[in-house]
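Participant: Have a look at this one.
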Amino acid sequence: KGVPTYTVQAEDSLNLVEILISAKVVTSKRQAREDIQNGAIYINGERVQDLAYEINDSDKIDGHSTVIRRGKKKYYLLQF
């Protein structure tokens with residue numbers, strides 16, 4: 001409850017850097033790249049450190065949502 005939610009549109013890029021900006025998890029590409037490289041981004045509890053990472057069907061919980069965590073306490077929900 002109370003988790004910021006972003007609905008992914010069909011035309012949105014599924015590249016992790018682009019999704020982080022679109023969902024307002026970060027404010028800039030530089031910040032997104034820095035957080036990914038420093039290991040501060042988690043998708044469904046798994047750390048992601050690949051700048052070229054693309055969100056795919058295996059990242060979706062029940063086929064329609066993905067949880068992104070930035071740092072220790074900031075959670076965001078993506079809905080497809």
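Quick note on naming: the chains in the structure tokens go A, B, ... in the order shown, residues restart at 1 in each chain, and ligands are numbered from 1 in order of appearance.
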Skipping near chain neighbours, those fewer than 5 positions away, what residues fall within 6 Å of stretch 53-65 of chain A using only C-alpha atoms, listed as a ChimeraX atom specification?

Facilitator: /A:14-16,78-80

Participant: Would you put the residues from that selection into a file with N, CA, C and O atoms, as a PDB file, in the first residue's frame?

Facilitator:
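Full text of part_15.pdb as output:
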ATOM      1  N   LEU A  14      11.538  -0.794 -22.877  1.00  0.00           N
ATOM      2  CA  LEU A  14      11.682  -1.652 -21.707  1.00  0.00           C
ATOM      3  C   LEU A  14      13.127  -1.698 -21.207  1.00  0.00           C
ATOM      4  O   LEU A  14      13.464  -2.497 -20.355  1.00  0.00           O
ATOM      5  N   ASN A  15      13.970  -0.798 -21.747  1.00  0.00           N
ATOM      6  CA  ASN A  15      15.339  -0.665 -21.257  1.00  0.00           C
ATOM      7  C   ASN A  15      15.274  -0.145 -19.829  1.00  0.00           C
ATOM      8  O   ASN A  15      14.505   0.760 -19.521  1.00  0.00           O
ATOM      9  N   LEU A  16      16.069  -0.711 -18.936  1.00  0.00           N
ATOM     10  CA  LEU A  16      15.990  -0.378 -17.516  1.00  0.00           C
ATOM     11  C   LEU A  16      16.226   1.110 -17.257  1.00  0.00           C
ATOM     12  O   LEU A  16      15.499   1.734 -16.486  1.00  0.00           O
ATOM     13  N   LEU A  78       5.669  -1.387 -11.190  1.00  0.00           N
ATOM     14  CA  LEU A  78       5.374  -1.213 -12.611  1.00  0.00           C
ATOM     15  C   LEU A  78       4.234  -2.144 -12.961  1.00  0.00           C
ATOM     16  O   LEU A  78       4.264  -3.316 -12.612  1.00  0.00           O
ATOM     17  N   GLN A  79       3.230  -1.627 -13.649  1.00  0.00           N
ATOM     18  CA  GLN A  79       2.132  -2.458 -14.107  1.00  0.00           C
ATOM     19  C   GLN A  79       2.120  -2.493 -15.630  1.00  0.00           C
ATOM     20  O   GLN A  79       2.296  -1.461 -16.263  1.00  0.00           O
ATOM     21  N   PHE A  80       1.907  -3.678 -16.176  1.00  0.00           N
ATOM     22  CA  PHE A  80       1.916  -3.852 -17.630  1.00  0.00           C
ATOM     23  C   PHE A  80       0.525  -4.128 -18.140  1.00  0.00           C
ATOM     24  O   PHE A  80      -0.313  -4.621 -17.456  1.00  0.00           O
TER      25      PHE A  80
END

Participant: DSSP on the backbone: which residues in chain A end up as helix (DSSP H, G or I)? Give the answer as a list of chain:residue names.

Facilitator: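 The helix (DSSP H, G or I) subset of chain A is A:Leu16, A:Val17, A:Glu18, A:Ile19, A:Leu20, A:Ile21, A:Ser22, A:Lys29, A:Arg30, A:Gln31, A:Ala32, A:Arg33, A:Glu34, A:Asp35, A:Ile36, A:Gln37, A:Asp57, A:Ser58, A:Asp59.
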
Participant: Can you measure atom CA of A:Asn38 to atom CA of A:Lys1 for me? One decimal in Å is fine.

Facilitator: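 It comes out at 27.7 Å.
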
Participant: Would you please work out which residue, of A:Val17, A:Ala23, A:Gln31, A:Ala52, is nearest to A:Pro4 when using only C-alpha atoms?

Facilitator: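 Selected residue with least distance to A:Pro4: A:Ala23.
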
Participant: Pick the closest to A:Arg70 from A:Ala32, A:Ile41, A:Ile19, A:Leu51: which is it, counting only C-alpha atoms?

Facilitator: A:Ile41

Participant: Set the distance at 8 Å and use only C-alpha atoms: which residues neighbour A:Asn44 once local chain neighbours fewer than 6 positions away are removed? I'd like the list as a PDB file with all heavy atoms, in the first residue's frame.

Facilitator:
ATOM      1  N   ASP A  59      10.407 -11.145 -15.735  1.00  0.00           N
ATOM      2  CA  ASP A  59      10.466 -10.189 -14.623  1.00  0.00           C
ATOM      3  C   ASP A  59       9.083  -9.807 -14.105  1.00  0.00           C
ATOM      4  O   ASP A  59       8.967  -9.097 -13.121  1.00  0.00           O
ATOM      5  CB  ASP A  59      11.184  -8.904 -15.047  1.00  0.00           C
ATOM      6  CG  ASP A  59      12.639  -9.148 -15.382  1.00  0.00           C
ATOM      7  OD1 ASP A  59      13.270  -9.973 -14.698  1.00  0.00           O
ATOM      8  OD2 ASP A  59      13.145  -8.516 -16.323  1.00  0.00           O
ATOM      9  N   THR A  66       5.768  -5.632 -11.866  1.00  0.00           N
ATOM     10  CA  THR A  66       7.168  -5.797 -11.497  1.00  0.00           C
ATOM     11  C   THR A  66       7.474  -4.821 -10.368  1.00  0.00           C
ATOM     12  O   THR A  66       7.039  -3.679 -10.406  1.00  0.00           O
ATOM     13  CB  THR A  66       8.088  -5.493 -12.701  1.00  0.00           C
ATOM     14  OG1 THR A  66       7.772  -6.391 -13.760  1.00  0.00           O
ATOM     15  CG2 THR A  66       9.548  -5.646 -12.344  1.00  0.00           C
ATOM     16  N   VAL A  67       8.234  -5.275  -9.373  1.00  0.00           N
ATOM     17  CA  VAL A  67       8.621  -4.414  -8.257  1.00  0.00           C
ATOM     18  C   VAL A  67      10.062  -3.970  -8.472  1.00  0.00           C
ATOM     19  O   VAL A  67      10.947  -4.792  -8.687  1.00  0.00           O
ATOM     20  CB  VAL A  67       8.495  -5.157  -6.910  1.00  0.00           C
ATOM     21  CG1 VAL A  67       8.989  -4.275  -5.772  1.00  0.00           C
ATOM     22  CG2 VAL A  67       7.072  -5.601  -6.675  1.00  0.00           C
ATOM     23  N   ILE A  68      10.273  -2.658  -8.412  1.00  0.00           N
ATOM     24  CA  ILE A  68      11.620  -2.104  -8.498  1.00  0.00           C
ATOM     25  C   ILE A  68      11.942  -1.487  -7.144  1.00  0.00           C
ATOM     26  O   ILE A  68      11.128  -0.768  -6.573  1.00  0.00           O
ATOM     27  CB  ILE A  68      11.720  -1.024  -9.598  1.00  0.00           C
ATOM     28  CG1 ILE A  68      11.556  -1.669 -10.970  1.00  0.00           C
ATOM     29  CG2 ILE A  68      13.073  -0.295  -9.515  1.00  0.00           C
ATOM     30  CD1 ILE A  68      11.643  -0.698 -12.119  1.00  0.00           C
ATOM     31  N   ARG A  69      13.126  -1.799  -6.653  1.00  0.00           N
ATOM     32  CA  ARG A  69      13.580  -1.204  -5.395  1.00  0.00           C
ATOM     33  C   ARG A  69      14.828  -0.393  -5.673  1.00  0.00           C
ATOM     34  O   ARG A  69      15.731  -0.847  -6.376  1.00  0.00           O
ATOM     35  CB  ARG A  69      13.889  -2.287  -4.372  1.00  0.00           C
ATOM     36  CG  ARG A  69      14.197  -1.709  -2.996  1.00  0.00           C
ATOM     37  CD  ARG A  69      14.439  -2.817  -2.006  1.00  0.00           C
ATOM     38  NE  ARG A  69      15.885  -2.995  -1.894  1.00  0.00           N
ATOM     39  CZ  ARG A  69      16.486  -4.090  -1.463  1.00  0.00           C
ATOM     40  NH1 ARG A  69      15.792  -5.144  -1.122  1.00  0.00           N
ATOM     41  NH2 ARG A  69      17.786  -4.149  -1.385  1.00  0.00           N
TER      42      ARG A  69
END

Participant: Counting only C-alpha atoms, which of A:Gly45, A:Thr7, A:Gln37, A:Glu18 gets nearest to A:Tyr75?

Facilitator: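 Looking at the shortest contact to A:Tyr75, the residue is A:Gly45.
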
Participant: To one decimal place, how far is atom CA of A:Lys73 from atom CA of A:Asp35 in Å?

Facilitator: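 Result for atom CA of A:Lys73 versus atom CA of A:Asp35: 14.2 Å, one decimal.
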
Participant: How would you write, as a list in words, the set of residues in chain A that DSSP gives as strand (DSSP E)?

Facilitator: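 For chain A, the strand (DSSP E) set is Thr5, Tyr6, Thr7, Ile41, Tyr42, Ile43, Glu46, Arg47, Ser65, Thr66, Val67, Ile68, Arg69, Arg70, Lys74, Tyr75, Tyr76, Leu77, Leu78 and Gln79 of chain A.
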